[in-house]
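Visitor: Take a look at the following structure, please.
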Amino acid sequence: MHVRRSPCIASRLAPVSLPSAGTHATPHPHPQPHPAPGPGFALSGALSRALCLVHRLQQQQAAAGGRPRGRPRVLALLGCGDTAAQYIPVMNAIFSAQRAQVVLDAVVVAPQDSSFMQQAAHLTGAVLGR
C-alpha cells in the first residue's frame, strides 16, 4: 500500500539520516525548525479570535437579560503589509464581522497601506487611520 504525504506535512518533517548496516541511528545534526507563520496569519487569527470573544460577550449579556449597548468595535493595529496568500482567511473574518455587525477599526503603521484594512473599514463602517 502506497501512502501519500501532503506537501505541508513533508516540508515540516526534519530530515533524518538513515543508518548504514551495523551502525546506530542518529538524528540529523541540524534539524530544521517549523516555518513561522507570516504576518497575514496573525491578522486573520487575531480578527477571528476577536470576533469569537465579541460573540461570547454578546451571548453572556443576552443570557443575563441585558440589552446590547451599541455596536461592538474591534481595533486592529497593523504594523506590516498584507500577505497575498492570506486574502481568503482575512476576507472571511471581515465578512463575518460585517454579518455580525461588528465594526473593524484599524490603524496602519506599516510603510505600505493595507488593502485588507481598507476593505474592512469600508464594509463595516469603520475608521481607518494611517
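Quick note on naming: the chains in the C-alpha cells go A, B, ... in the order shown, residues restart at 1 in each chain, and ligands are numbered from 1 in order of appearance.
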Using only C-alpha atoms, what does the table of segment 80-120 of chain A residues within 12 Å of segment 44-60 of chain A look like, with each row giving the shortest atom pair and its distance in Å to one decimal, sorted by chain and ascending number, as CSV?
Guide:
```
residue,atom,partner,partner_atom,distance
A:Asp82,CA,A:Ser44,CA,10.8
A:Thr83,CA,A:Ser44,CA,10.6
A:Ala85,CA,A:Ser44,CA,11.2
A:Gln86,CA,A:Ser44,CA,7.5
A:Tyr87,CA,A:Ser44,CA,9.0
A:Ile88,CA,A:Ser44,CA,9.1
A:Pro89,CA,A:Ser44,CA,5.8
A:Val90,CA,A:Ser44,CA,4.6
A:Met91,CA,A:Ser44,CA,8.2
A:Asn92,CA,A:Ser44,CA,8.4
A:Ala93,CA,A:Ser48,CA,5.8
A:Ile94,CA,A:Leu47,CA,7.8
A:Phe95,CA,A:Ser48,CA,10.8
A:Ser96,CA,A:Leu51,CA,8.0
A:Ala97,CA,A:Leu51,CA,6.8
A:Gln98,CA,A:Leu51,CA,10.5
A:Arg99,CA,A:Leu51,CA,10.9
A:Ala100,CA,A:His55,CA,8.4
A:Gln101,CA,A:Leu51,CA,10.4
A:Val102,CA,A:Leu51,CA,7.9
A:Val103,CA,A:Leu51,CA,10.2
A:Leu104,CA,A:Leu47,CA,8.8
A:Asp105,CA,A:Leu47,CA,11.1
A:Ala106,CA,A:Leu47,CA,11.2
A:Phe116,CA,A:Ser44,CA,10.2
A:Met117,CA,A:Leu47,CA,11.1
A:Ala120,CA,A:Leu47,CA,10.7
```
Visitor: Once you have the residues from the selection above, write them out as a compact mmCIF listing (two decimals), in the first residue's frame, restricted to C-alpha atoms.
Guide:
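selection-v1.txt written:
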```
# COMPACT_ATOMS: atom_id res chain seq x y z
CA ASP A 82 -0.67 42.44 3.52
CA THR A 83 0.18 38.88 2.55
CA ALA A 85 -1.70 34.16 0.49
CA GLN A 86 -3.93 35.23 3.37
CA TYR A 87 -6.57 37.03 1.31
CA ILE A 88 -9.26 34.38 1.82
CA PRO A 89 -8.88 33.93 5.63
CA VAL A 90 -8.71 37.69 6.25
CA MET A 91 -11.68 38.43 3.99
CA ASN A 92 -13.69 35.63 5.66
CA ALA A 93 -13.07 37.31 9.02
CA ILE A 94 -14.07 40.69 7.57
CA PHE A 95 -17.29 39.28 6.09
CA SER A 96 -18.07 37.58 9.41
CA ALA A 97 -17.63 40.91 11.20
CA GLN A 98 -19.91 42.60 8.67
CA ARG A 99 -22.61 39.97 9.16
CA ALA A 100 -22.33 40.17 12.95
CA GLN A 101 -22.47 43.99 12.76
CA VAL A 102 -19.05 44.38 14.37
CA VAL A 103 -17.09 47.49 13.39
CA LEU A 104 -13.44 46.79 12.47
CA ASP A 105 -11.45 49.98 13.09
CA ALA A 106 -7.81 49.90 12.04
CA PHE A 116 -7.36 44.36 3.75
CA MET A 117 -7.96 47.05 6.34
CA ALA A 120 -12.65 46.09 6.41
```
Visitor: Using only C-alpha atoms, pick whichever of A:Leu78, A:Gly125, A:Gly65, A:Ala84 has the shortest atom-to-atom distance to Asp113 of chain A.
Guide: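 Checking each of A:Leu78, A:Gly125, A:Gly65, A:Ala84 against Asp113 of chain A, counting only C-alpha atoms, the winner is A:Leu78.
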Visitor: Measuring between only C-alpha atoms, which one of A:Gly129, A:Gly79, A:Pro72, A:Gly66 shows the shortest distance to Ala42 of chain A?
Guide: A:Gly79
Visitor: Which of segment 49-113 of chain A counts as alpha helix (DSSP H) under DSSP, as a VMD selection string please?
Guide: chain A and resid 49 to 63 87 to 99
Visitor: Take the selection from the previous step and output its residues with N, CA, C and O atoms, as a compact mmCIF listing (two decimals), in the first residue's frame.
Guide:
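See result.txt below for the written result:
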```
# COMPACT_ATOMS: atom_id res chain seq x y z
N ARG A 49 -10.28 35.56 16.42
CA ARG A 49 -10.35 35.44 17.88
C ARG A 49 -11.15 36.59 18.49
O ARG A 49 -11.96 36.39 19.39
N ALA A 50 -10.94 37.80 17.97
CA ALA A 50 -11.69 38.96 18.48
C ALA A 50 -13.18 38.78 18.22
O ALA A 50 -14.01 39.09 19.08
N LEU A 51 -13.53 38.27 17.04
CA LEU A 51 -14.95 38.05 16.74
C LEU A 51 -15.56 36.98 17.64
O LEU A 51 -16.71 37.10 18.05
N CYS A 52 -14.79 35.95 17.95
CA CYS A 52 -15.28 34.92 18.88
C CYS A 52 -15.52 35.50 20.27
O CYS A 52 -16.53 35.19 20.91
N LEU A 53 -14.61 36.35 20.73
CA LEU A 53 -14.77 36.97 22.05
C LEU A 53 -15.98 37.91 22.08
O LEU A 53 -16.73 37.94 23.05
N VAL A 54 -16.17 38.68 21.00
CA VAL A 54 -17.34 39.56 20.92
C VAL A 54 -18.62 38.74 20.95
O VAL A 54 -19.57 39.07 21.67
N HIS A 55 -18.63 37.64 20.21
CA HIS A 55 -19.82 36.78 20.18
C HIS A 55 -20.10 36.19 21.56
O HIS A 55 -21.25 36.15 22.01
N ARG A 56 -19.05 35.75 22.26
CA ARG A 56 -19.22 35.19 23.60
C ARG A 56 -19.79 36.23 24.57
O ARG A 56 -20.69 35.95 25.36
N LEU A 57 -19.25 37.44 24.50
CA LEU A 57 -19.75 38.51 25.37
C LEU A 57 -21.21 38.85 25.07
O LEU A 57 -22.00 39.10 25.98
N GLN A 58 -21.57 38.84 23.79
CA GLN A 58 -22.96 39.11 23.42
C GLN A 58 -23.88 38.02 23.95
O GLN A 58 -24.97 38.31 24.43
N GLN A 59 -23.45 36.76 23.89
CA GLN A 59 -24.26 35.66 24.41
C GLN A 59 -24.41 35.75 25.92
O GLN A 59 -25.49 35.52 26.46
N GLN A 60 -23.33 36.08 26.62
CA GLN A 60 -23.40 36.21 28.07
C GLN A 60 -24.33 37.35 28.47
O GLN A 60 -25.09 37.24 29.42
N GLN A 61 -24.26 38.44 27.73
CA GLN A 61 -25.11 39.59 28.02
C GLN A 61 -26.58 39.25 27.78
O GLN A 61 -27.45 39.62 28.55
N ALA A 62 -26.86 38.52 26.71
CA ALA A 62 -28.23 38.12 26.40
C ALA A 62 -28.75 37.13 27.43
O ALA A 62 -29.92 37.19 27.82
N ALA A 63 -27.90 36.22 27.89
CA ALA A 63 -28.32 35.24 28.90
C ALA A 63 -28.61 35.91 30.23
O ALA A 63 -29.47 35.45 30.98
N TYR A 87 -5.39 36.27 1.74
CA TYR A 87 -6.57 37.03 1.31
C TYR A 87 -7.87 36.36 1.75
O TYR A 87 -8.73 37.01 2.33
N ILE A 88 -8.00 35.07 1.51
CA ILE A 88 -9.26 34.38 1.82
C ILE A 88 -9.53 34.34 3.32
O ILE A 88 -10.63 34.71 3.75
N PRO A 89 -8.57 33.93 4.20
CA PRO A 89 -8.88 33.93 5.63
C PRO A 89 -9.20 35.32 6.20
O PRO A 89 -10.11 35.47 7.01
N VAL A 90 -8.46 36.34 5.74
CA VAL A 90 -8.71 37.69 6.25
C VAL A 90 -10.07 38.18 5.78
O VAL A 90 -10.85 38.75 6.55
N MET A 91 -10.39 37.98 4.51
CA MET A 91 -11.68 38.43 3.99
C MET A 91 -12.83 37.66 4.64
O MET A 91 -13.91 38.23 4.87
N ASN A 92 -12.65 36.39 4.94
CA ASN A 92 -13.69 35.63 5.66
C ASN A 92 -13.96 36.26 7.03
O ASN A 92 -15.11 36.38 7.45
N ALA A 93 -12.89 36.66 7.72
CA ALA A 93 -13.07 37.31 9.02
C ALA A 93 -13.78 38.65 8.86
O ALA A 93 -14.64 39.01 9.66
N ILE A 94 -13.44 39.40 7.81
CA ILE A 94 -14.07 40.69 7.57
C ILE A 94 -15.55 40.51 7.25
O ILE A 94 -16.41 41.23 7.78
N PHE A 95 -15.88 39.53 6.41
CA PHE A 95 -17.29 39.28 6.09
C PHE A 95 -18.07 38.79 7.31
O PHE A 95 -19.24 39.13 7.48
N SER A 96 -17.42 38.02 8.17
CA SER A 96 -18.07 37.58 9.41
C SER A 96 -18.37 38.77 10.31
O SER A 96 -19.43 38.84 10.94
N ALA A 97 -17.42 39.70 10.39
CA ALA A 97 -17.63 40.91 11.20
C ALA A 97 -18.77 41.73 10.63
O ALA A 97 -19.61 42.26 11.37
N GLN A 98 -18.83 41.84 9.31
CA GLN A 98 -19.91 42.60 8.67
C GLN A 98 -21.27 41.97 8.98
O GLN A 98 -22.21 42.67 9.32
N ARG A 99 -21.34 40.66 8.90
CA ARG A 99 -22.61 39.97 9.16
C ARG A 99 -23.03 40.10 10.62
O ARG A 99 -24.21 40.22 10.93
```
Visitor: When you draw a straight line from atom CA of Val109 of chain A to atom CA of Ala76 of chain A, how long is it in Å?
Guide: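 Between atom CA of Val109 of chain A and atom CA of Ala76 of chain A the gap works out to 10.7 Å.
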